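**Student:** This is the structure I want to talk about, given as structure tokens.
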Amino acid sequence: MIKVQQEDFDVSAELAALAAGNHGIGGIVSFVGLVRDLVGPDNAEPALRAMTLEHYPAMTEKKLGDIEAQANARWPLEASLIIHRYGRLEPGAQIVLVACAAAHRQDAFDSCNFLMDWLKTEAPFWKLEETEAGEDWVDSRASDDAAAARWQAKPDRAAE
Amino acid sequence: MIKVQQEDFDVSAELAALAAGNHGIGGIVSFVGLVRDLVGPDNAEPALRAMTLEHYPAMTEKKLGDIEAQANARWPLEASLIIHRYGRLEPGAQIVLVACAAAHRQDAFDSCNFLMDWLKTEAPFWKLEETEAGEDWVDSRASDDAAAARWQAKPDRAAE
Amino acid sequence: MKILYFAWLRQRIGVAAEEFDLPADVTTIDDLVGYLTAKGPGYAKGFAEPQVIRAAVNYEYVPFDHKLSNNDEVAFFPPVTGG
Amino acid sequence: MKILYFAWLRQRIGVAAEEFDLPADVTTIDDLVGYLTAKGPGYAKGFAEPQVIRAAVNYEYVPFDHKLSNNDEVAFFPPVTGG
């Protein structure tokens, strides 16, 4: 399931809905992405005031649906969920939730990891950071491209 | 943080407490283990009625603390949490929550995966299954030993 | 055709979307980038480094030699930074 | 010394814990398993396949040649199945 929304989400409620009535699920791996202040907890004056996520709605829905379908084709998942927020978010706010439910835990770990890597490189979102110095668009990271590329090169782990 | 308890847990509340006030966290990976009925969602009469988790309290606290410390020594984590329940649990019930919070997502994924693998092979818990056919102790799985062993053989992924 | 711009490309060009008929000599994304670059200084600044711009046609990523049709929805944007 | 049993080992032996002074000829876990096996049919059944049993002394896994002292808390149990 795909949800692109401005509102915050409740992880417990989302996981409960994902697993509801399906007792074939042995484990759910989830990733919650948070707005980092980029300075660390010890700094009294965080550099980041907020970040605004812009996206391309029609394409976002399509691409998130595509990568979710790919994960479901590649791993035997019982259920999956991607929630991605847009709009203005302050440090500590939840940005994204990806959850994968499977009979066996490694399938849930690998598919959730895969979804995050692809989401980072394929989903049309852009982050505008507000700091004391002004506003700036976040640059993409080469490490994210490398993380996504490893799913093309590497064969799947043997099934348990 | 380690919690060994009979009561259920609320994932949202636990993750919120884990991340509270720490804006250096970029992502939290969590694993929630559920009681599977072992038959699958399409079967009208699940084989499993319940499972009872027995443990060795003093050793459980020590071993969970040890593996949490190992994960924190191996990956740069901002926070980590292991909750493991004991007692009688019915299909669909939550058994375990492992959550790892880090600045970068791959550290959170790898450390959570590591903690689950080690927990499966090192934490002194035993599952007694109740089915229509009676009671039976769950056997350990060779795949769990193999999953834990890979963390000894494999070098860590390069830092992002 | 409909054209959308996002993030700093939208800011530099100064519009989020525009619609016009595909000019006769514009058959690929490459051609379209050349055509737009000539439209004004905001466009020229936005497309100054075309190698960093990604293009999508009808919600799919496409290479710059992709052939266009007049019914297409084309989007230009910097590398994505979601998640 | 204190000895604890868990899961099906506890069920077969019929007690969860017992305390006694370490006999003079019992110096390792191996010796202790032999001593216990001779205590009765429940023990003999529980330790029938000692290679599947894991031992812990003072909350740490130990090999069967581990040396015992009279103050130890020893635990015997089947392979763990938590998580």
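Residue numbers start at 1 in each chain; chains themselves are named A, B, ... in the order of the structure tokens; ligands are numbered from 1 in the order shown.
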Contacts of Asp72 of chain C at 12 Å or less, counting only C-alpha atoms, minus same-chain residues fewer than 4 places along, as a count of residues only?
**Tutor:** 19
**Student:** Dump as CSV the rows for residues of chain B within 9 Å of chain A: closest atom pair and distance in Å with one decimal, only C-alpha atoms counted, ordered by chain and rising residue number.
**Tutor:**
residue,atom,partner,partner_atom,distance
B:Asp10,CA,A:Ser12,CA,6.4
B:Val11,CA,A:Ser12,CA,5.2
B:Ser12,CA,A:Ser12,CA,5.0
B:Ala13,CA,A:Ser12,CA,8.2
B:Leu15,CA,A:Val11,CA,8.7
B:Ala19,CA,A:Gly92,CA,7.9
B:Ala20,CA,A:Gly92,CA,8.2
B:Gly21,CA,A:Gly92,CA,7.6
B:Asn22,CA,A:Pro41,CA,5.3
B:His23,CA,A:Arg36,CA,5.1
B:Gly24,CA,A:Gly40,CA,4.4
B:Ile25,CA,A:Arg36,CA,5.8
B:Gly26,CA,A:Leu34,CA,5.0
B:Gly27,CA,A:Gly33,CA,4.3
B:Ile28,CA,A:Val32,CA,5.2
B:Val29,CA,A:Phe31,CA,4.5
B:Ser30,CA,A:Ser30,CA,5.3
B:Phe31,CA,A:Val29,CA,4.5
B:Val32,CA,A:Ile28,CA,5.2
B:Gly33,CA,A:Gly27,CA,4.3
B:Leu34,CA,A:Gly26,CA,5.0
B:Val35,CA,A:Gly26,CA,6.2
B:Arg36,CA,A:His23,CA,5.1
B:Asp37,CA,A:His23,CA,5.5
B:Leu38,CA,A:Gly24,CA,6.4
B:Val39,CA,A:Gly24,CA,6.8
B:Gly40,CA,A:Gly24,CA,4.4
B:Pro41,CA,A:Asn22,CA,5.3
B:Asp42,CA,A:Asn22,CA,8.9
B:Pro46,CA,A:His23,CA,8.7
B:Pro91,CA,A:His23,CA,6.0
B:Gly92,CA,A:His23,CA,5.2
B:Ala93,CA,A:His23,CA,8.9
B:Ala103,CA,A:Arg36,CA,7.6
B:Arg105,CA,A:Gly33,CA,8.2
B:Gln106,CA,A:Asn113,CA,8.0
B:Ala108,CA,A:Phe31,CA,8.8
B:Phe109,CA,A:Asn113,CA,7.0
B:Cys112,CA,A:Phe109,CA,8.9
B:Asn113,CA,A:Phe109,CA,7.0
B:Met116,CA,A:Arg105,CA,8.7
B:Ser143,CA,A:Glu160,CA,6.0
B:Asp144,CA,A:Glu160,CA,8.6
B:Ala147,CA,A:Gln106,CA,8.9
B:Glu160,CA,A:Ser143,CA,6.0
**Student:** Residues of chain C in alpha helix (DSSP H) according to DSSP, as number ranges by chain?
**Tutor:** C: 7-13, 29-37, 41-46
**Student:** Take the residues from that selection and write them out as an mmCIF file, in the first residue's frame, keeping N, CA, C and O atoms.
**Tutor:**
data_model
loop_
_atom_site.group_PDB
_atom_site.id
_atom_site.type_symbol
_atom_site.label_atom_id
_atom_site.label_comp_id
_atom_site.auth_asym_id
_atom_site.auth_seq_id
_atom_site.Cartn_x
_atom_site.Cartn_y
_atom_site.Cartn_z
ATOM 1 N N ALA C 7 11.830 21.712 -7.880
ATOM 2 C CA ALA C 7 12.957 22.059 -6.996
ATOM 3 C C ALA C 7 13.700 23.285 -7.552
ATOM 4 O O ALA C 7 13.050 24.246 -7.977
ATOM 5 N N TRP C 8 15.038 23.267 -7.548
ATOM 6 C CA TRP C 8 15.751 24.487 -7.944
ATOM 7 C C TRP C 8 15.592 24.802 -9.428
ATOM 8 O O TRP C 8 15.736 25.943 -9.844
ATOM 9 N N LEU C 9 15.221 23.801 -10.225
ATOM 10 C CA LEU C 9 14.983 24.084 -11.643
ATOM 11 C C LEU C 9 13.731 24.968 -11.783
ATOM 12 O O LEU C 9 13.726 25.948 -12.545
ATOM 13 N N ARG C 10 12.687 24.629 -11.013
ATOM 14 C CA ARG C 10 11.468 25.441 -10.987
ATOM 15 C C ARG C 10 11.786 26.865 -10.527
ATOM 16 O O ARG C 10 11.313 27.851 -11.110
ATOM 17 N N GLN C 11 12.609 26.976 -9.473
ATOM 18 C CA GLN C 11 12.940 28.306 -8.948
ATOM 19 C C GLN C 11 13.715 29.138 -9.963
ATOM 20 O O GLN C 11 13.468 30.333 -10.120
ATOM 21 N N ARG C 12 14.669 28.522 -10.641
ATOM 22 C CA ARG C 12 15.480 29.278 -11.608
ATOM 23 C C ARG C 12 14.662 29.709 -12.816
ATOM 24 O O ARG C 12 14.795 30.829 -13.303
ATOM 25 N N ILE C 13 13.783 28.782 -13.276
ATOM 26 C CA ILE C 13 12.970 29.102 -14.458
ATOM 27 C C ILE C 13 11.840 30.065 -14.089
ATOM 28 O O ILE C 13 11.446 30.922 -14.890
ATOM 29 N N ILE C 29 14.002 14.823 -26.112
ATOM 30 C CA ILE C 29 14.244 15.590 -24.881
ATOM 31 C C ILE C 29 15.434 16.542 -25.096
ATOM 32 O O ILE C 29 15.382 17.717 -24.704
ATOM 33 N N ASP C 30 16.467 16.040 -25.722
ATOM 34 C CA ASP C 30 17.643 16.858 -26.039
ATOM 35 C C ASP C 30 17.247 18.127 -26.805
ATOM 36 O O ASP C 30 17.666 19.237 -26.451
ATOM 37 N N ASP C 31 16.429 17.925 -27.838
ATOM 38 C CA ASP C 31 15.949 19.077 -28.628
ATOM 39 C C ASP C 31 15.168 20.048 -27.737
ATOM 40 O O ASP C 31 15.327 21.269 -27.835
ATOM 41 N N LEU C 32 14.328 19.467 -26.879
ATOM 42 C CA LEU C 32 13.477 20.303 -26.032
ATOM 43 C C LEU C 32 14.323 21.135 -25.056
ATOM 44 O O LEU C 32 14.038 22.314 -24.816
ATOM 45 N N VAL C 33 15.370 20.515 -24.498
ATOM 46 C CA VAL C 33 16.260 21.238 -23.602
ATOM 47 C C VAL C 33 16.906 22.419 -24.337
ATOM 48 O O VAL C 33 16.978 23.535 -23.812
ATOM 49 N N GLY C 34 17.332 22.185 -25.593
ATOM 50 C CA GLY C 34 17.919 23.253 -26.396
ATOM 51 C C GLY C 34 16.913 24.372 -26.653
ATOM 52 O O GLY C 34 17.226 25.560 -26.508
ATOM 53 N N TYR C 35 15.692 23.979 -26.985
ATOM 54 C CA TYR C 35 14.624 24.925 -27.261
ATOM 55 C C TYR C 35 14.326 25.791 -26.030
ATOM 56 O O TYR C 35 14.227 27.023 -26.096
ATOM 57 N N LEU C 36 14.210 25.111 -24.867
ATOM 58 C CA LEU C 36 13.886 25.834 -23.628
ATOM 59 C C LEU C 36 15.025 26.749 -23.205
ATOM 60 O O LEU C 36 14.792 27.882 -22.759
ATOM 61 N N THR C 37 16.257 26.262 -23.345
ATOM 62 C CA THR C 37 17.426 27.042 -22.935
ATOM 63 C C THR C 37 17.435 28.418 -23.622
ATOM 64 O O THR C 37 17.857 29.424 -23.026
ATOM 65 N N PRO C 41 16.791 33.940 -19.807
ATOM 66 C CA PRO C 41 17.929 33.743 -18.892
ATOM 67 C C PRO C 41 17.633 32.759 -17.759
ATOM 68 O O PRO C 41 18.522 32.025 -17.337
ATOM 69 N N GLY C 42 16.382 32.714 -17.252
ATOM 70 C CA GLY C 42 16.038 31.761 -16.194
ATOM 71 C C GLY C 42 16.199 30.330 -16.711
ATOM 72 O O GLY C 42 16.763 29.466 -16.032
ATOM 73 N N TYR C 43 15.686 30.101 -17.921
ATOM 74 C CA TYR C 43 15.824 28.776 -18.541
ATOM 75 C C TYR C 43 17.294 28.440 -18.753
ATOM 76 O O TYR C 43 17.742 27.328 -18.485
ATOM 77 N N ALA C 44 18.045 29.426 -19.282
ATOM 78 C CA ALA C 44 19.470 29.190 -19.558
ATOM 79 C C ALA C 44 20.206 28.808 -18.283
ATOM 80 O O ALA C 44 21.038 27.902 -18.269
ATOM 81 N N LYS C 45 19.846 29.497 -17.174
ATOM 82 C CA LYS C 45 20.488 29.185 -15.896
ATOM 83 C C LYS C 45 20.065 27.789 -15.402
ATOM 84 O O LYS C 45 20.879 27.013 -14.914
ATOM 85 N N GLY C 46 18.773 27.503 -15.551
ATOM 86 C CA GLY C 46 18.258 26.207 -15.095
ATOM 87 C C GLY C 46 18.897 25.043 -15.821
ATOM 88 O O GLY C 46 19.227 24.022 -15.226
#
**Student:** Counting only C-alpha atoms, which residues of chain D come no farther than 6 Å from chain B, as a PyMOL selection string?
**Tutor:** chain D and resi 59+79-83
**Student:** Separation of atom CA of Lys3 of chain A and atom CA of Ile53 of chain C, in Å?
**Tutor:** 26.7 Å
**Student:** Could you tell me how far atom CA of Ala24 of chain C lies from atom CA of Ser69 of chain C, in Å and to one decimal?
**Tutor:**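 For atom CA of Ala24 of chain C relative to atom CA of Ser69 of chain C, the distance reads 10.7 Å.
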**Student:** As a PyMOL selection string, please: every residue in chain A that a backbone DSSP assignment puts in strand (DSSP E or B).
**Tutor:** chain A and resi 2-5+27-34+48-55+77-85+87-89+94-102+125-131+134-137
**Student:** Let me see the file: selected residues, N, CA and C atoms, as a short mmCIF file (atom, residue, chain, number, x, y, z; two decimals), in the first residue's frame.
**Tutor:**
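Just written: part-v5.cif:
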data_model
loop_
_atom_site.label_atom_id
_atom_site.label_comp_id
_atom_site.auth_asym_id
_atom_site.auth_seq_id
_atom_site.Cartn_x
_atom_site.Cartn_y
_atom_site.Cartn_z
N ILE A 2 0.43 2.26 -0.76
CA ILE A 2 1.17 3.52 -0.90
C ILE A 2 0.34 4.66 -0.32
N LYS A 3 0.96 5.48 0.49
CA LYS A 3 0.28 6.70 0.96
C LYS A 3 1.25 7.87 0.86
N VAL A 4 0.84 8.91 0.16
CA VAL A 4 1.64 10.13 0.07
C VAL A 4 0.81 11.22 0.72
N GLN A 5 1.30 11.77 1.79
CA GLN A 5 0.43 12.62 2.62
C GLN A 5 1.23 13.69 3.35
N GLY A 27 7.24 -11.75 10.95
CA GLY A 27 7.98 -10.56 11.35
C GLY A 27 7.70 -9.39 10.42
N ILE A 28 7.80 -8.19 10.99
CA ILE A 28 7.63 -6.96 10.21
C ILE A 28 8.88 -6.12 10.43
N VAL A 29 9.56 -5.78 9.34
CA VAL A 29 10.68 -4.85 9.44
C VAL A 29 10.19 -3.50 8.95
N SER A 30 10.47 -2.48 9.73
CA SER A 30 10.05 -1.15 9.28
C SER A 30 11.21 -0.17 9.40
N PHE A 31 11.18 0.80 8.52
CA PHE A 31 12.13 1.90 8.55
C PHE A 31 11.34 3.18 8.74
N VAL A 32 11.72 3.97 9.73
CA VAL A 32 11.13 5.29 9.92
C VAL A 32 12.24 6.32 9.69
N GLY A 33 12.06 7.18 8.71
CA GLY A 33 13.03 8.23 8.43
C GLY A 33 12.63 9.49 9.17
N LEU A 34 13.60 10.12 9.83
CA LEU A 34 13.34 11.33 10.62
C LEU A 34 14.16 12.50 10.06
N LEU A 48 19.77 23.22 11.35
CA LEU A 48 18.57 23.09 10.53
C LEU A 48 17.33 23.54 11.30
N ARG A 49 16.57 24.47 10.69
CA ARG A 49 15.32 24.88 11.32
C ARG A 49 14.17 24.01 10.84
N ALA A 50 14.17 23.69 9.56
CA ALA A 50 13.10 22.87 8.99
C ALA A 50 13.50 22.44 7.60
N MET A 51 12.77 21.48 7.08
CA MET A 51 12.98 21.10 5.69
C MET A 51 11.62 20.97 5.03
N THR A 52 11.57 21.38 3.76
CA THR A 52 10.30 21.29 3.03
C THR A 52 10.47 20.29 1.90
N LEU A 53 9.58 19.29 1.90
CA LEU A 53 9.61 18.27 0.86
C LEU A 53 8.62 18.61 -0.24
N GLU A 54 9.17 18.78 -1.44
CA GLU A 54 8.35 18.99 -2.65
C GLU A 54 8.32 17.68 -3.41
N HIS A 55 7.24 17.41 -4.10
CA HIS A 55 7.24 16.18 -4.92
C HIS A 55 6.38 16.37 -6.16
N LEU A 77 6.48 -11.64 0.26
CA LEU A 77 5.96 -10.78 1.33
C LEU A 77 4.48 -11.04 1.58
N GLU A 78 4.10 -10.93 2.84
CA GLU A 78 2.68 -11.05 3.19
C GLU A 78 1.99 -9.70 3.05
N ALA A 79 2.73 -8.62 3.24
CA ALA A 79 2.16 -7.27 3.14
C ALA A 79 3.29 -6.26 3.10
N SER A 80 3.01 -5.11 2.50
CA SER A 80 4.01 -4.04 2.46
C SER A 80 3.32 -2.69 2.47
N LEU A 81 4.07 -1.68 2.88
CA LEU A 81 3.51 -0.34 3.05
C LEU A 81 4.60 0.70 2.85
N ILE A 82 4.29 1.74 2.10
CA ILE A 82 5.17 2.90 2.00
C ILE A 82 4.33 4.14 2.29
N ILE A 83 4.73 4.90 3.30
CA ILE A 83 4.11 6.21 3.55
C ILE A 83 5.21 7.25 3.41
N HIS A 84 4.97 8.26 2.59
CA HIS A 84 5.96 9.33 2.43
C HIS A 84 5.24 10.66 2.60
N ARG A 85 5.78 11.49 3.48
CA ARG A 85 5.17 12.80 3.71
C ARG A 85 5.79 13.85 2.80
N GLY A 87 5.74 18.48 2.35
CA GLY A 87 5.45 19.72 3.08
C GLY A 87 6.58 20.08 4.03
N ARG A 88 6.31 20.99 4.96
CA ARG A 88 7.35 21.50 5.85
C ARG A 88 7.45 20.66 7.12
N LEU A 89 8.65 20.20 7.43
CA LEU A 89 8.87 19.31 8.58
C LEU A 89 10.03 19.81 9.40
N GLN A 94 8.80 12.77 11.55
CA GLN A 94 8.82 11.57 10.71
C GLN A 94 8.62 11.98 9.25
N ILE A 95 9.45 11.45 8.36
CA ILE A 95 9.34 11.73 6.92
C ILE A 95 8.71 10.56 6.18
N VAL A 96 9.20 9.36 6.48
CA VAL A 96 8.85 8.20 5.67
C VAL A 96 8.71 6.98 6.56
N LEU A 97 7.79 6.09 6.19
CA LEU A 97 7.67 4.78 6.82
C LEU A 97 7.62 3.74 5.72
N VAL A 98 8.53 2.78 5.78
CA VAL A 98 8.47 1.63 4.89
C VAL A 98 8.38 0.40 5.78
N ALA A 99 7.40 -0.45 5.53
CA ALA A 99 7.23 -1.65 6.36
C ALA A 99 6.99 -2.85 5.48
N CYS A 100 7.68 -3.94 5.77
CA CYS A 100 7.55 -5.19 5.01
C CYS A 100 7.29 -6.33 5.98
N ALA A 101 6.22 -7.06 5.72
CA ALA A 101 5.82 -8.19 6.57
C ALA A 101 6.00 -9.48 5.79
N ALA A 102 6.64 -10.47 6.43
CA ALA A 102 6.90 -11.75 5.76
C ALA A 102 6.84 -12.88 6.77
N PHE A 125 11.04 13.19 -5.02
CA PHE A 125 10.95 14.12 -3.90
C PHE A 125 12.21 14.97 -3.87
N TRP A 126 12.07 16.20 -3.41
CA TRP A 126 13.23 17.10 -3.26
C TRP A 126 13.10 17.81 -1.93
N LYS A 127 14.25 17.92 -1.26
CA LYS A 127 14.27 18.53 0.07
C LYS A 127 14.91 19.91 0.03
N LEU A 128 14.17 20.89 0.53
CA LEU A 128 14.68 22.26 0.69
C LEU A 128 14.94 22.49 2.16
N GLU A 129 16.19 22.76 2.50
CA GLU A 129 16.54 22.96 3.91
C GLU A 129 16.52 24.44 4.27
N GLU A 130 15.96 24.74 5.44
CA GLU A 130 16.02 26.10 6.00
C GLU A 130 17.00 26.08 7.16
N THR A 131 18.05 26.87 7.03
CA THR A 131 18.99 27.02 8.14
C THR A 131 19.11 28.50 8.47
N GLY A 134 19.96 30.55 5.54
CA GLY A 134 19.05 30.70 4.42
C GLY A 134 18.51 29.36 3.97
N GLU A 135 18.06 29.31 2.71
CA GLU A 135 17.47 28.08 2.19
C GLU A 135 18.40 27.45 1.16
N ASP A 136 18.40 26.12 1.14
CA ASP A 136 19.23 25.43 0.16
C ASP A 136 18.62 24.07 -0.17
N TRP A 137 18.72 23.69 -1.45
CA TRP A 137 18.22 22.37 -1.86
C TRP A 137 19.26 21.32 -1.50
#
**Student:** Please, what distance in Å, to one decimal, runs between atom CA of Trp75 of chain B and atom CA of Ala17 of chain B?
**Tutor:**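 Interatomic distance here is 20.5 Å.
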